[in-house]
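Listing of query_2.json; format and content: JSON, C-alpha atoms.
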```json
[["chain", "number", "residue", "atom", "x", "y", "z"],
["A", 1012, "MET", "CA", 0.00, 0.00, 0.00],
["A", 1013, "ASP", "CA", 1.39, 3.37, -1.05],
["A", 1014, "ARG", "CA", 0.81, 5.43, 2.09],
["A", 1015, "ARG", "CA", 1.57, 8.63, 0.20],
["A", 1016, "VAL", "CA", -1.70, 8.55, -1.76],
["A", 1017, "LYS", "CA", -3.97, 6.64, 0.61],
["A", 1018, "TYR", "CA", -6.31, 8.55, 2.90],
["A", 1019, "VAL", "CA", -9.29, 8.24, 5.27],
["A", 1020, "ILE", "CA", -12.58, 10.12, 5.47],
["A", 1021, "GLY", "CA", -14.57, 11.25, 8.48],
["A", 1022, "ILE", "CA", -18.10, 12.62, 8.10],
["A", 1023, "ASP", "CA", -20.29, 14.28, 10.70],
["A", 1024, "GLY", "CA", -23.71, 13.59, 9.23],
["A", 1025, "GLY", "CA", -26.09, 16.14, 10.70],
["A", 1026, "GLY", "CA", -29.78, 16.75, 10.29],
["A", 1027, "THR", "CA", -29.29, 20.20, 8.74],
["A", 1028, "LYS", "CA", -25.69, 20.08, 7.49],
["A", 1029, "SER", "CA", -22.69, 17.77, 7.20],
["A", 1030, "LEU", "CA", -18.95, 18.20, 7.54],
["A", 1031, "LEU", "CA", -16.32, 16.01, 5.85],
["A", 1032, "HIS", "CA", -12.68, 15.72, 6.89],
["A", 1033, "MET", "CA", -10.19, 14.05, 4.58],
["A", 1034, "MET", "CA", -7.05, 12.94, 6.43],
["A", 1035, "ASP", "CA", -3.79, 11.30, 5.38],
["A", 1036, "LEU", "CA", -2.47, 8.21, 7.14],
["A", 1037, "GLU", "CA", -0.28, 10.35, 9.39],
["A", 1038, "GLY", "CA", -3.35, 12.12, 10.80],
["A", 1039, "ASN", "CA", -2.91, 15.37, 8.85],
["A", 1040, "LEU", "CA", -6.01, 17.16, 7.59],
["A", 1041, "LEU", "CA", -6.01, 17.28, 3.79],
["A", 1042, "LEU", "CA", -9.42, 18.77, 3.07],
["A", 1043, "GLU", "CA", -12.59, 20.00, 4.77],
["A", 1044, "LEU", "CA", -15.92, 20.15, 2.95],
["A", 1045, "ARG", "CA", -19.43, 21.11, 3.99],
["A", 1046, "GLY", "CA", -22.65, 19.64, 2.66],
["A", 1047, "GLY", "CA", -26.37, 19.35, 3.33],
["A", 1048, "PRO", "CA", -28.25, 17.00, 5.69],
["A", 1049, "THR", "CA", -27.16, 13.35, 5.73],
["A", 1050, "ASN", "CA", -29.06, 12.01, 8.73],
["A", 1051, "ILE", "CA", -31.60, 9.44, 7.60],
["A", 1052, "TYR", "CA", -33.99, 10.49, 10.38],
["A", 1053, "ALA", "CA", -33.96, 14.11, 9.23],
["A", 1054, "THR", "CA", -34.55, 13.46, 5.53],
["A", 1055, "SER", "CA", -35.29, 10.61, 3.14],
["A", 1056, "GLU", "CA", -32.82, 7.81, 2.36],
["A", 1057, "GLN", "CA", -32.85, 8.94, -1.28],
["A", 1058, "ALA", "CA", -31.94, 12.49, -0.27],
["A", 1059, "VAL", "CA", -29.13, 11.21, 1.96],
["A", 1060, "GLU", "CA", -27.74, 9.10, -0.88],
["A", 1061, "GLN", "CA", -27.81, 12.07, -3.22],
["A", 1062, "GLU", "CA", -26.10, 14.35, -0.68],
["A", 1063, "LEU", "CA", -23.36, 11.86, 0.21],
["A", 1064, "THR", "CA", -22.71, 11.10, -3.46],
["A", 1065, "GLU", "CA", -22.35, 14.81, -4.18],
["A", 1066, "LEU", "CA", -20.12, 15.36, -1.12],
["A", 1067, "LEU", "CA", -17.73, 12.57, -2.12],
["A", 1068, "SER", "CA", -17.70, 13.78, -5.74],
["A", 1069, "GLN", "CA", -16.74, 17.27, -4.56],
["A", 1070, "MET", "CA", -13.99, 15.75, -2.40],
["A", 1071, "VAL", "CA", -12.51, 13.83, -5.33],
["A", 1072, "GLU", "CA", -12.61, 16.90, -7.56],
["A", 1073, "ALA", "CA", -11.15, 19.26, -4.94],
["A", 1074, "SER", "CA", -8.39, 16.90, -3.80],
["A", 1075, "GLY", "CA", -7.46, 15.26, -7.08],
["A", 1076, "ARG", "CA", -7.43, 11.90, -5.28],
["A", 1077, "SER", "CA", -9.18, 8.74, -6.42],
["A", 1078, "ILE", "CA", -12.05, 7.39, -4.33],
["A", 1079, "ALA", "CA", -10.34, 4.00, -4.68],
["A", 1080, "ASP", "CA", -7.49, 5.30, -2.49],
["A", 1081, "CYS", "CA", -9.83, 5.80, 0.49],
["A", 1082, "VAL", "CA", -8.78, 2.98, 2.81],
["A", 1083, "ALA", "CA", -11.28, 3.74, 5.60],
["A", 1084, "LEU", "CA", -14.35, 5.89, 6.14],
["A", 1085, "CYS", "CA", -16.34, 6.69, 9.27],
["A", 1086, "LEU", "CA", -19.73, 8.39, 9.36],
["A", 1087, "GLY", "CA", -21.05, 9.64, 12.70],
["A", 1088, "SER", "CA", -24.71, 10.58, 12.73],
["A", 1089, "ALA", "CA", -27.32, 10.98, 15.47],
["A", 1090, "GLY", "CA", -29.35, 7.83, 16.12],
["A", 1091, "VAL", "CA", -27.41, 5.80, 13.55],
["A", 1092, "ASP", "CA", -26.06, 2.84, 15.50],
["A", 1093, "ARG", "CA", -28.47, 0.03, 14.66],
["A", 1094, "PRO", "CA", -27.98, -2.70, 12.02],
["A", 1095, "TYR", "CA", -30.60, -1.39, 9.58],
["A", 1096, "GLU", "CA", -29.21, 2.16, 9.42],
["A", 1097, "LYS", "CA", -25.66, 0.87, 9.17],
["A", 1098, "GLN", "CA", -26.58, -1.33, 6.22],
["A", 1099, "VAL", "CA", -28.41, 1.46, 4.38],
["A", 1100, "LEU", "CA", -25.49, 3.86, 4.74],
["A", 1101, "SER", "CA", -22.87, 1.22, 3.97],
["A", 1102, "ASP", "CA", -24.68, 0.40, 0.73],
["A", 1103, "ILE", "CA", -24.62, 4.09, -0.24],
["A", 1104, "PHE", "CA", -20.87, 4.35, 0.28],
["A", 1105, "ARG", "CA", -20.22, 1.14, -1.64],
["A", 1106, "LYS", "CA", -22.26, 2.53, -4.55],
["A", 1107, "CYS", "CA", -20.03, 5.60, -4.44],
["A", 1108, "GLY", "CA", -16.97, 3.41, -4.93],
["A", 1109, "VAL", "CA", -15.62, 3.29, -1.38],
["A", 1110, "THR", "CA", -13.95, -0.11, -0.97],
["A", 1111, "GLY", "CA", -12.09, 0.55, 2.28],
["A", 1112, "ILE", "CA", -13.14, -0.20, 5.86],
["A", 1113, "LEU", "CA", -16.51, 1.34, 6.78],
["A", 1114, "THR", "CA", -17.53, 2.41, 10.27],
["A", 1115, "ILE", "CA", -21.05, 3.73, 10.77],
["A", 1116, "THR", "CA", -21.69, 4.97, 14.29],
["A", 1117, "HIS", "CA", -23.50, 7.51, 16.45],
["A", 1118, "ASP", "CA", -22.20, 11.06, 16.23],
["A", 1119, "ALA", "CA", -21.57, 10.99, 19.98],
["A", 1120, "GLU", "CA", -18.74, 8.52, 19.41],
["A", 1121, "ALA", "CA", -17.18, 10.86, 16.86],
["A", 1122, "VAL", "CA", -17.47, 13.73, 19.35],
["A", 1123, "LEU", "CA", -15.80, 11.55, 22.00],
["A", 1124, "VAL", "CA", -12.80, 10.81, 19.81],
["A", 1125, "ALA", "CA", -12.59, 14.44, 18.65],
["A", 1126, "GLY", "CA", -12.39, 15.49, 22.29],
["A", 1127, "THR", "CA", -10.10, 12.77, 23.65],
["A", 1128, "GLY", "CA", -8.23, 11.30, 20.68],
["A", 1129, "LYS", "CA", -9.26, 7.79, 21.71],
["A", 1130, "GLN", "CA", -12.34, 5.59, 21.81],
["A", 1131, "GLU", "CA", -12.78, 5.64, 25.58],
["A", 1132, "GLY", "CA", -14.72, 8.01, 27.79],
["A", 1133, "ILE", "CA", -18.07, 9.76, 27.93],
["A", 1134, "THR", "CA", -19.83, 12.15, 25.56],
["A", 1135, "LEU", "CA", -22.62, 14.28, 26.97],
["A", 1136, "VAL", "CA", -24.59, 16.25, 24.40],
["A", 1137, "SER", "CA", -26.89, 19.11, 25.37],
["A", 1138, "GLY", "CA", -28.22, 21.01, 22.39],
["A", 1139, "THR", "CA", -31.89, 21.13, 21.46],
["A", 1140, "GLY", "CA", -32.13, 17.73, 23.16],
["A", 1141, "SER", "CA", -29.75, 15.77, 25.36],
["A", 1142, "PHE", "CA", -27.99, 12.46, 25.05],
["A", 1143, "GLY", "CA", -25.21, 10.55, 26.81],
["A", 1144, "PHE", "CA", -22.82, 7.99, 25.36],
["A", 1145, "ALA", "CA", -19.93, 6.05, 26.85],
["A", 1146, "ARG", "CA", -17.39, 3.56, 25.53],
["A", 1147, "ASP", "CA", -14.48, 1.70, 27.06],
["A", 1148, "LEU", "CA", -11.36, 0.37, 25.34],
["A", 1149, "GLU", "CA", -12.85, -3.14, 25.20],
["A", 1150, "GLY", "CA", -15.65, -1.81, 22.99],
["A", 1151, "ASN", "CA", -18.41, -1.93, 25.58],
["A", 1152, "ARG", "CA", -20.94, 0.86, 25.05],
["A", 1153, "ALA", "CA", -23.72, 2.49, 27.04],
["A", 1154, "ARG", "CA", -26.19, 5.24, 26.21],
["A", 1155, "THR", "CA", -28.81, 7.26, 28.02],
["A", 1156, "GLY", "CA", -31.35, 9.92, 27.06],
["A", 1157, "GLY", "CA", -32.06, 10.90, 23.49],
["A", 1158, "TRP", "CA", -35.72, 9.94, 23.76],
["A", 1159, "GLY", "CA", -36.99, 13.16, 22.21],
["A", 1160, "HIS", "CA", -38.38, 16.39, 23.62],
["A", 1161, "LEU", "CA", -41.66, 14.90, 24.86],
["A", 1162, "ILE", "CA", -40.32, 12.04, 26.95],
["A", 1163, "GLY", "CA", -36.59, 12.21, 27.51],
["A", 1164, "ASP", "CA", -34.43, 15.20, 26.55],
["A", 1165, "GLU", "CA", -34.02, 16.55, 30.06],
["A", 1166, "GLY", "CA", -31.21, 19.05, 30.44],
["A", 1167, "GLY", "CA", -31.34, 20.11, 26.79],
["A", 1168, "GLY", "CA", -32.27, 23.47, 25.35],
["A", 1169, "TYR", "CA", -35.92, 22.57, 24.72],
["A", 1170, "ASP", "CA", -36.29, 21.33, 28.28],
["A", 1171, "ILE", "CA", -34.83, 24.58, 29.62],
["A", 1172, "GLY", "CA", -36.96, 26.71, 27.32],
["A", 1173, "ILE", "CA", -40.28, 25.00, 28.03],
["A", 1174, "ASN", "CA", -39.61, 25.02, 31.77],
["A", 1175, "ALA", "CA", -39.01, 28.75, 31.52],
["A", 1176, "ILE", "CA", -42.37, 29.26, 29.82],
["A", 1177, "LYS", "CA", -44.05, 27.14, 32.49],
["A", 1178, "ALA", "CA", -42.44, 29.23, 35.22],
["A", 1179, "ALA", "CA", -43.55, 32.42, 33.47],
["A", 1180, "VAL", "CA", -47.21, 31.42, 33.24],
["A", 1181, "ARG", "CA", -47.20, 30.07, 36.81],
["A", 1182, "SER", "CA", -45.92, 33.46, 37.88],
["A", 1183, "GLU", "CA", -48.64, 35.18, 35.87],
["A", 1184, "ASP", "CA", -51.25, 33.01, 37.62],
["A", 1185, "GLY", "CA", -49.84, 33.79, 41.04],
["A", 1186, "ARG", "CA", -48.89, 30.16, 41.63],
["A", 1187, "GLU", "CA", -45.24, 31.19, 41.90],
["A", 1188, "ALA", "CA", -43.39, 34.31, 42.92],
["A", 1189, "PRO", "CA", -42.76, 36.99, 40.29],
["A", 1190, "THR", "CA", -39.91, 36.18, 37.92],
["A", 1191, "LEU", "CA", -37.99, 38.11, 35.29],
["A", 1192, "LEU", "CA", -38.68, 35.21, 32.96],
["A", 1193, "LEU", "CA", -42.20, 36.51, 32.26],
["A", 1194, "PRO", "CA", -41.31, 39.92, 30.81],
["A", 1195, "MET", "CA", -38.05, 38.73, 29.29],
["A", 1196, "LEU", "CA", -39.67, 35.82, 27.44],
["A", 1197, "MET", "CA", -42.52, 37.99, 26.22],
["A", 1198, "LYS", "CA", -40.04, 40.54, 24.88],
["A", 1199, "GLU", "CA", -37.91, 37.85, 23.22],
["A", 1200, "ILE", "CA", -40.90, 36.19, 21.54],
["A", 1201, "GLY", "CA", -42.70, 39.44, 20.74],
["A", 1202, "LEU", "CA", -45.84, 38.90, 22.85],
["A", 1203, "GLU", "CA", -48.02, 41.72, 24.09],
["A", 1204, "ARG", "CA", -50.06, 39.67, 26.59],
["A", 1205, "PRO", "CA", -49.27, 36.49, 28.58],
["A", 1206, "GLU", "CA", -52.29, 34.72, 27.04],
["A", 1207, "GLN", "CA", -50.40, 34.73, 23.73],
["A", 1208, "PHE", "CA", -48.10, 32.03, 25.10],
["A", 1209, "LEU", "CA", -50.91, 29.61, 24.14],
["A", 1210, "GLN", "CA", -50.73, 30.49, 20.44],
["A", 1211, "TYR", "CA", -46.93, 30.53, 20.52],
["A", 1212, "VAL", "CA", -46.43, 27.14, 22.19],
["A", 1213, "TYR", "CA", -49.24, 25.17, 20.60],
["A", 1214, "LYS", "CA", -49.36, 26.59, 17.09],
["A", 1215, "THR", "CA", -46.37, 28.77, 16.22],
["A", 1216, "ALA", "CA", -43.14, 27.52, 17.76],
["A", 1217, "GLY", "CA", -41.31, 24.31, 16.97],
["A", 1218, "LYS", "CA", -38.58, 22.58, 18.95],
["A", 1219, "PRO", "CA", -35.75, 24.84, 17.73],
["A", 1220, "GLN", "CA", -37.63, 28.03, 18.63],
["A", 1221, "ILE", "CA", -38.42, 26.89, 22.17],
["A", 1222, "ALA", "CA", -34.90, 25.53, 22.65],
["A", 1223, "ALA", "CA", -33.52, 28.93, 21.62],
["A", 1224, "LEU", "CA", -35.25, 30.45, 24.66],
["A", 1225, "ALA", "CA", -32.64, 28.78, 26.87],
["A", 1226, "LYS", "CA", -30.49, 31.87, 26.30],
["A", 1227, "VAL", "CA", -33.20, 34.01, 27.95],
["A", 1228, "VAL", "CA", -33.04, 31.79, 31.03],
["A", 1229, "SER", "CA", -29.29, 32.37, 31.17],
["A", 1230, "GLU", "CA", -29.79, 36.13, 30.83],
["A", 1231, "ALA", "CA", -32.39, 36.10, 33.61],
["A", 1232, "TYR", "CA", -30.06, 34.10, 35.85],
["A", 1233, "LEU", "CA", -27.24, 36.59, 35.24],
["A", 1234, "ALA", "CA", -29.69, 39.37, 36.18],
["A", 1235, "GLY", "CA", -30.21, 37.66, 39.54],
["A", 1236, "ASP", "CA", -33.49, 35.81, 38.93],
["A", 1237, "VAL", "CA", -33.90, 32.98, 41.44],
["A", 1238, "ARG", "CA", -36.37, 30.98, 39.33],
["A", 1239, "ALA", "CA", -34.08, 31.06, 36.29],
["A", 1240, "LYS", "CA", -31.21, 29.80, 38.42],
["A", 1241, "ARG", "CA", -33.32, 26.88, 39.63],
["A", 1242, "ILE", "CA", -34.18, 25.89, 36.05],
["A", 1243, "LEU", "CA", -30.49, 25.84, 35.12],
["A", 1244, "GLU", "CA", -29.65, 23.91, 38.29],
["A", 1245, "ASP", "CA", -32.29, 21.34, 37.41],
["A", 1246, "ALA", "CA", -30.86, 21.03, 33.89],
["A", 1247, "ALA", "CA", -27.36, 20.44, 35.28],
["A", 1248, "SER", "CA", -28.75, 17.86, 37.71],
["A", 1249, "GLU", "CA", -30.45, 15.98, 34.88],
["A", 1250, "LEU", "CA", -27.22, 15.99, 32.87],
["A", 1251, "TYR", "CA", -25.35, 14.76, 35.94],
["A", 1252, "LEU", "CA", -27.88, 11.93, 36.29],
["A", 1253, "LYS", "CA", -27.18, 10.88, 32.70],
["A", 1254, "THR", "CA", -23.46, 10.99, 33.45],
["A", 1255, "SER", "CA", -23.65, 8.94, 36.66],
["A", 1256, "THR", "CA", -25.78, 6.34, 34.87],
["A", 1257, "LEU", "CA", -23.07, 5.91, 32.23],
["A", 1258, "VAL", "CA", -20.30, 5.87, 34.84],
["A", 1259, "ARG", "CA", -21.98, 3.00, 36.67],
["A", 1260, "ALA", "CA", -22.77, 1.12, 33.46],
["A", 1261, "LEU", "CA", -19.11, 0.96, 32.39],
["A", 1262, "HIS", "CA", -17.56, 0.99, 35.87],
["A", 1263, "PHE", "CA", -15.80, 4.29, 35.36],
["A", 1264, "GLU", "CA", -16.15, 5.34, 39.03],
["A", 1265, "ASN", "CA", -12.45, 5.34, 39.85],
["A", 1266, "ARG", "CA", -10.87, 5.57, 36.41],
["A", 1267, "PRO", "CA", -9.09, 8.61, 34.94],
["A", 1268, "ILE", "CA", -11.34, 9.21, 31.95],
["A", 1269, "THR", "CA", -12.55, 12.28, 30.08],
["A", 1270, "LEU", "CA", -16.11, 13.52, 29.65],
["A", 1271, "VAL", "CA", -16.63, 15.61, 26.52],
["A", 1272, "ALA", "CA", -19.44, 18.14, 27.02],
["A", 1273, "ASN", "CA", -20.79, 19.10, 23.61],
["A", 1274, "GLY", "CA", -23.70, 21.18, 22.36],
["A", 1275, "SER", "CA", -25.15, 24.68, 22.39],
["A", 1276, "VAL", "CA", -26.20, 24.60, 26.06],
["A", 1277, "PHE", "CA", -22.62, 23.96, 27.19],
["A", 1278, "THR", "CA", -21.30, 26.49, 24.67],
["A", 1279, "HIS", "CA", -23.63, 29.36, 25.53],
["A", 1280, "ILE", "CA", -24.73, 28.77, 29.14],
["A", 1281, "HIS", "CA", -21.59, 28.82, 31.23],
["A", 1282, "TYR", "CA", -23.45, 28.18, 34.48],
["A", 1283, "VAL", "CA", -24.77, 24.77, 33.34],
["A", 1284, "TYR", "CA", -21.29, 23.67, 32.28],
["A", 1285, "GLU", "CA", -19.70, 24.86, 35.54],
["A", 1286, "ARG", "CA", -22.46, 23.37, 37.70],
["A", 1287, "LEU", "CA", -22.23, 20.01, 35.94],
["A", 1288, "SER", "CA", -18.43, 20.01, 36.22],
["A", 1289, "HIS", "CA", -18.71, 20.67, 39.96],
["A", 1290, "LEU", "CA", -21.23, 17.86, 40.48],
["A", 1291, "ILE", "CA", -19.09, 15.38, 38.55],
["A", 1292, "LYS", "CA", -15.84, 16.38, 40.25],
["A", 1293, "SER", "CA", -17.49, 16.05, 43.67],
["A", 1294, "SER", "CA", -18.57, 12.47, 42.97],
["A", 1295, "TYR", "CA", -15.91, 11.29, 40.54],
["A", 1296, "PRO", "CA", -12.60, 13.11, 41.13],
["A", 1297, "GLU", "CA", -10.84, 11.06, 38.43],
["A", 1298, "ILE", "CA", -13.13, 12.29, 35.65],
["A", 1299, "THR", "CA", -12.03, 15.35, 33.68],
["A", 1300, "VAL", "CA", -14.72, 17.45, 31.98],
["A", 1301, "VAL", "CA", -13.77, 19.26, 28.75],
["A", 1302, "LYS", "CA", -15.39, 20.99, 25.82],
["A", 1303, "PRO", "CA", -14.31, 19.75, 22.37],
["A", 1304, "THR", "CA", -11.94, 21.96, 20.42],
["A", 1305, "LEU", "CA", -12.16, 19.92, 17.22],
["A", 1306, "PRO", "CA", -15.29, 19.11, 15.17],
["A", 1307, "ALA", "CA", -16.99, 15.71, 15.19],
["A", 1308, "ALA", "CA", -15.84, 15.14, 11.60],
["A", 1309, "HIS", "CA", -12.25, 15.17, 12.86],
["A", 1310, "GLY", "CA", -13.17, 12.53, 15.43],
["A", 1311, "ALA", "CA", -14.83, 10.45, 12.71],
["A", 1312, "ALA", "CA", -11.66, 10.64, 10.60],
["A", 1313, "LEU", "CA", -9.61, 9.50, 13.60],
["A", 1314, "ILE", "CA", -11.98, 6.55, 14.09],
["A", 1315, "ALA", "CA", -11.45, 5.65, 10.43],
["A", 1316, "LEU", "CA", -7.69, 5.92, 10.91],
["A", 1317, "GLN", "CA", -7.78, 3.77, 14.06],
["A", 1318, "SER", "CA", -9.80, 1.09, 12.23],
["A", 1319, "LEU", "CA", -6.86, 0.30, 9.95],
["A", 1320, "PRO", "CA", -4.74, -2.79, 10.73],
["A", 1321, "LYS", "CA", -1.69, -1.94, 12.80]]
```
Please lay out the structure from this file as structure tokens.
Amino acid sequence: MDRRVKYVIGIDGGGTKSLLHMMDLEGNLLLELRGGPTNIYATSEQAVEQELTELLSQMVEASGRSIADCVALCLGSAGVDRPYEKQVLSDIFRKCGVTGILTITHDAEAVLVAGTGKQEGITLVSGTGSFGFARDLEGNRARTGGWGHLIGDEGGGYDIGINAIKAAVRSEDGREAPTLLLPMLMKEIGLERPEQFLQYVYKTAGKPQIAALAKVVSEAYLAGDVRAKRILEDAASELYLKTSTLVRALHFENRPITLVANGSVFTHIHYVYERLSHLIKSSYPEITVVKPTLPAAHGAALIALQSLPK
């Protein structure tokens, strides 16, 4: 094998956009490309096939490399870790001419490797929803959360946003003490009267819009609002519960591992990240909490690289 021309591919297959990293066998980034949605739960299988085909074609054209020289490819995409999805996506890549080793996995594993450089540790995602993933060096895996905004995304942006609206209307009713969340949410949304929350929640807003209100909770907390602080504390507690469940599942209690905290809540709400870090450090001193500095596509490329025979 001529290592000078061979390469690996890592793809972060998102529901709204995708990112591809092309890497040589020494771990150097050769090319980065962006594309449309490639998550089969966000769009049709036909649309995913078309998008991946186009993304790989652009890569070949931009790099001047042959697709036949790709010795390994890893795609990380939310929810994609079951046999059916793996087969569908593997078939697409084979149609595109990829003959190397294929790894199809959850995007949380790609985030883990991007943050730690190895396939061991914990990924905790808190964006619109929330999800926890853990893996040890023996290949044992555990997961928690990710059940969707109605039944199991506690600690995510939607959970924070909807709890803020609940607190606001409870305050309006007199069932709770006054809170800055009521006027601040109304201003953010553009409501003139509290009754308009009904139209907004039940007819106008979708998950992303309500999740975006998490930033208002952070602003209210920074302004000294007690109710906003409690909502953020509850979110951190739920994320800690996900973490402790994964720690017990893989017996990480006394092991020096890394937890990668990823997602918009950790990025934009410093209090949740700091509160979670404190809770984890108090219970598990050996665990280090970090935010990723490299994209999930980089982690996917590293997984592809690590899949090659030594």
message = Considering all atoms listed in the file, can you say which of A:Gly1157, A:Gly1047, A:Pro1189, A:Gly1172 comes closest to Arg1238 of chain A?
response =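 Smallest separation from Arg1238 of chain A among the options: A:Pro1189.
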Mind checking which residues fall within 7 Å of segment 1029-1045 of chain A, counting all atoms listed in the file, ignoring those fewer than 6 positions away in the same chain, and posting them as an NGL selection string? :A and (1014 or 1017-1023 or 1308-1309 or 1312 or 1316)
- Leaving out Val1180 of chain A and any residue of its chain fewer than 6 positions from it, which residues lie within 12 Å of it when counting all atoms listed in the file, given as a list in words? Ile1173, Asn1174, Arg1186, Glu1187, Ala1188, Pro1189, Thr1190, Leu1191, Leu1192, Leu1193, Pro1194, Leu1196, Met1197, Arg1204, Pro1205, Glu1206, Gln1207, Phe1208, Leu1209 and Val1212 of chain A
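Taking all atoms listed in the file, the non-local environment of segment 1220-1226 of chain A within 6 Å (same-chain residues fewer than 6 positions away omitted) comprises Thr1139, Gly1168, Tyr1169, Ile1171 and Gly1172 of chain A.
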For Asn1273 of chain A, which of A:Ile1200, A:Leu1161, A:Ala1119, A:Leu1084 is the closest residue, counting all atoms listed in the file?
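Looking only at the distances to Asn1273 of chain A, the closest residue turns out to be A:Ala1119.
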**Asked** At what distance in Å, to one decimal, does atom CA of Leu1135 of chain A lie from atom CA of Leu1100 of chain A?
**Response**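 Atom CA of Leu1135 of chain A lies at a distance of 24.7 Å from atom CA of Leu1100 of chain A.
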Mind filling out segment 1239-1245 of chain A with all heavy atoms and sending it as a PDB file, in the coordinates of the input?
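Generated output (result-v5.pdb):
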```pdb
ATOM      1  N   ALA A1239     -34.918  31.437  37.434  1.00  0.00           N
ATOM      2  CA  ALA A1239     -34.080  31.060  36.290  1.00  0.00           C
ATOM      3  C   ALA A1239     -32.905  30.210  36.763  1.00  0.00           C
ATOM      4  O   ALA A1239     -32.546  29.213  36.118  1.00  0.00           O
ATOM      5  CB  ALA A1239     -33.576  32.309  35.582  1.00  0.00           C
ATOM      6  N   LYS A1240     -32.322  30.582  37.896  1.00  0.00           N
ATOM      7  CA  LYS A1240     -31.210  29.800  38.420  1.00  0.00           C
ATOM      8  C   LYS A1240     -31.639  28.380  38.730  1.00  0.00           C
ATOM      9  O   LYS A1240     -30.918  27.414  38.449  1.00  0.00           O
ATOM     10  CB  LYS A1240     -30.653  30.457  39.689  1.00  0.00           C
ATOM     11  CG  LYS A1240     -29.466  29.709  40.286  1.00  0.00           C
ATOM     12  CD  LYS A1240     -28.933  30.403  41.533  1.00  0.00           C
ATOM     13  CE  LYS A1240     -27.728  29.656  42.094  1.00  0.00           C
ATOM     14  NZ  LYS A1240     -27.205  30.303  43.323  1.00  0.00           N
ATOM     15  N   ARG A1241     -32.848  28.225  39.294  1.00  0.00           N
ATOM     16  CA  ARG A1241     -33.320  26.880  39.630  1.00  0.00           C
ATOM     17  C   ARG A1241     -33.532  26.030  38.386  1.00  0.00           C
ATOM     18  O   ARG A1241     -33.244  24.828  38.386  1.00  0.00           O
ATOM     19  CB  ARG A1241     -34.605  26.969  40.453  1.00  0.00           C
ATOM     20  CG  ARG A1241     -35.001  25.648  41.097  1.00  0.00           C
ATOM     21  CD  ARG A1241     -35.859  25.848  42.322  1.00  0.00           C
ATOM     22  NE  ARG A1241     -37.251  26.144  41.959  1.00  0.00           N
ATOM     23  CZ  ARG A1241     -37.864  27.294  42.245  1.00  0.00           C
ATOM     24  NH1 ARG A1241     -37.197  28.266  42.855  1.00  0.00           N
ATOM     25  NH2 ARG A1241     -39.120  27.486  41.898  1.00  0.00           N
ATOM     26  N   ILE A1242     -34.009  26.633  37.309  1.00  0.00           N
ATOM     27  CA  ILE A1242     -34.180  25.890  36.050  1.00  0.00           C
ATOM     28  C   ILE A1242     -32.837  25.396  35.540  1.00  0.00           C
ATOM     29  O   ILE A1242     -32.701  24.242  35.113  1.00  0.00           O
ATOM     30  CB  ILE A1242     -34.875  26.774  34.995  1.00  0.00           C
ATOM     31  CG1 ILE A1242     -36.338  27.013  35.393  1.00  0.00           C
ATOM     32  CG2 ILE A1242     -34.806  26.118  33.610  1.00  0.00           C
ATOM     33  CD1 ILE A1242     -37.052  28.017  34.503  1.00  0.00           C
ATOM     34  N   LEU A1243     -31.824  26.237  35.592  1.00  0.00           N
ATOM     35  CA  LEU A1243     -30.490  25.840  35.120  1.00  0.00           C
ATOM     36  C   LEU A1243     -29.874  24.800  36.048  1.00  0.00           C
ATOM     37  O   LEU A1243     -29.192  23.874  35.582  1.00  0.00           O
ATOM     38  CB  LEU A1243     -29.595  27.065  35.012  1.00  0.00           C
ATOM     39  CG  LEU A1243     -30.031  28.123  33.989  1.00  0.00           C
ATOM     40  CD1 LEU A1243     -29.031  29.268  33.948  1.00  0.00           C
ATOM     41  CD2 LEU A1243     -30.207  27.519  32.605  1.00  0.00           C
ATOM     42  N   GLU A1244     -30.126  24.927  37.348  1.00  0.00           N
ATOM     43  CA  GLU A1244     -29.650  23.910  38.290  1.00  0.00           C
ATOM     44  C   GLU A1244     -30.292  22.564  38.007  1.00  0.00           C
ATOM     45  O   GLU A1244     -29.618  21.519  38.048  1.00  0.00           O
ATOM     46  CB  GLU A1244     -29.947  24.339  39.728  1.00  0.00           C
ATOM     47  CG  GLU A1244     -29.047  25.436  40.248  1.00  0.00           C
ATOM     48  CD  GLU A1244     -29.433  25.886  41.647  1.00  0.00           C
ATOM     49  OE1 GLU A1244     -30.600  25.676  42.048  1.00  0.00           O
ATOM     50  OE2 GLU A1244     -28.574  26.452  42.340  1.00  0.00           O
ATOM     51  N   ASP A1245     -31.585  22.586  37.722  1.00  0.00           N
ATOM     52  CA  ASP A1245     -32.290  21.340  37.410  1.00  0.00           C
ATOM     53  C   ASP A1245     -31.743  20.715  36.126  1.00  0.00           C
ATOM     54  O   ASP A1245     -31.607  19.487  36.031  1.00  0.00           O
ATOM     55  CB  ASP A1245     -33.794  21.603  37.251  1.00  0.00           C
ATOM     56  CG  ASP A1245     -34.474  21.918  38.574  1.00  0.00           C
ATOM     57  OD1 ASP A1245     -33.867  21.642  39.639  1.00  0.00           O
ATOM     58  OD2 ASP A1245     -35.608  22.437  38.546  1.00  0.00           O
TER      59      ASP A1245
END
```
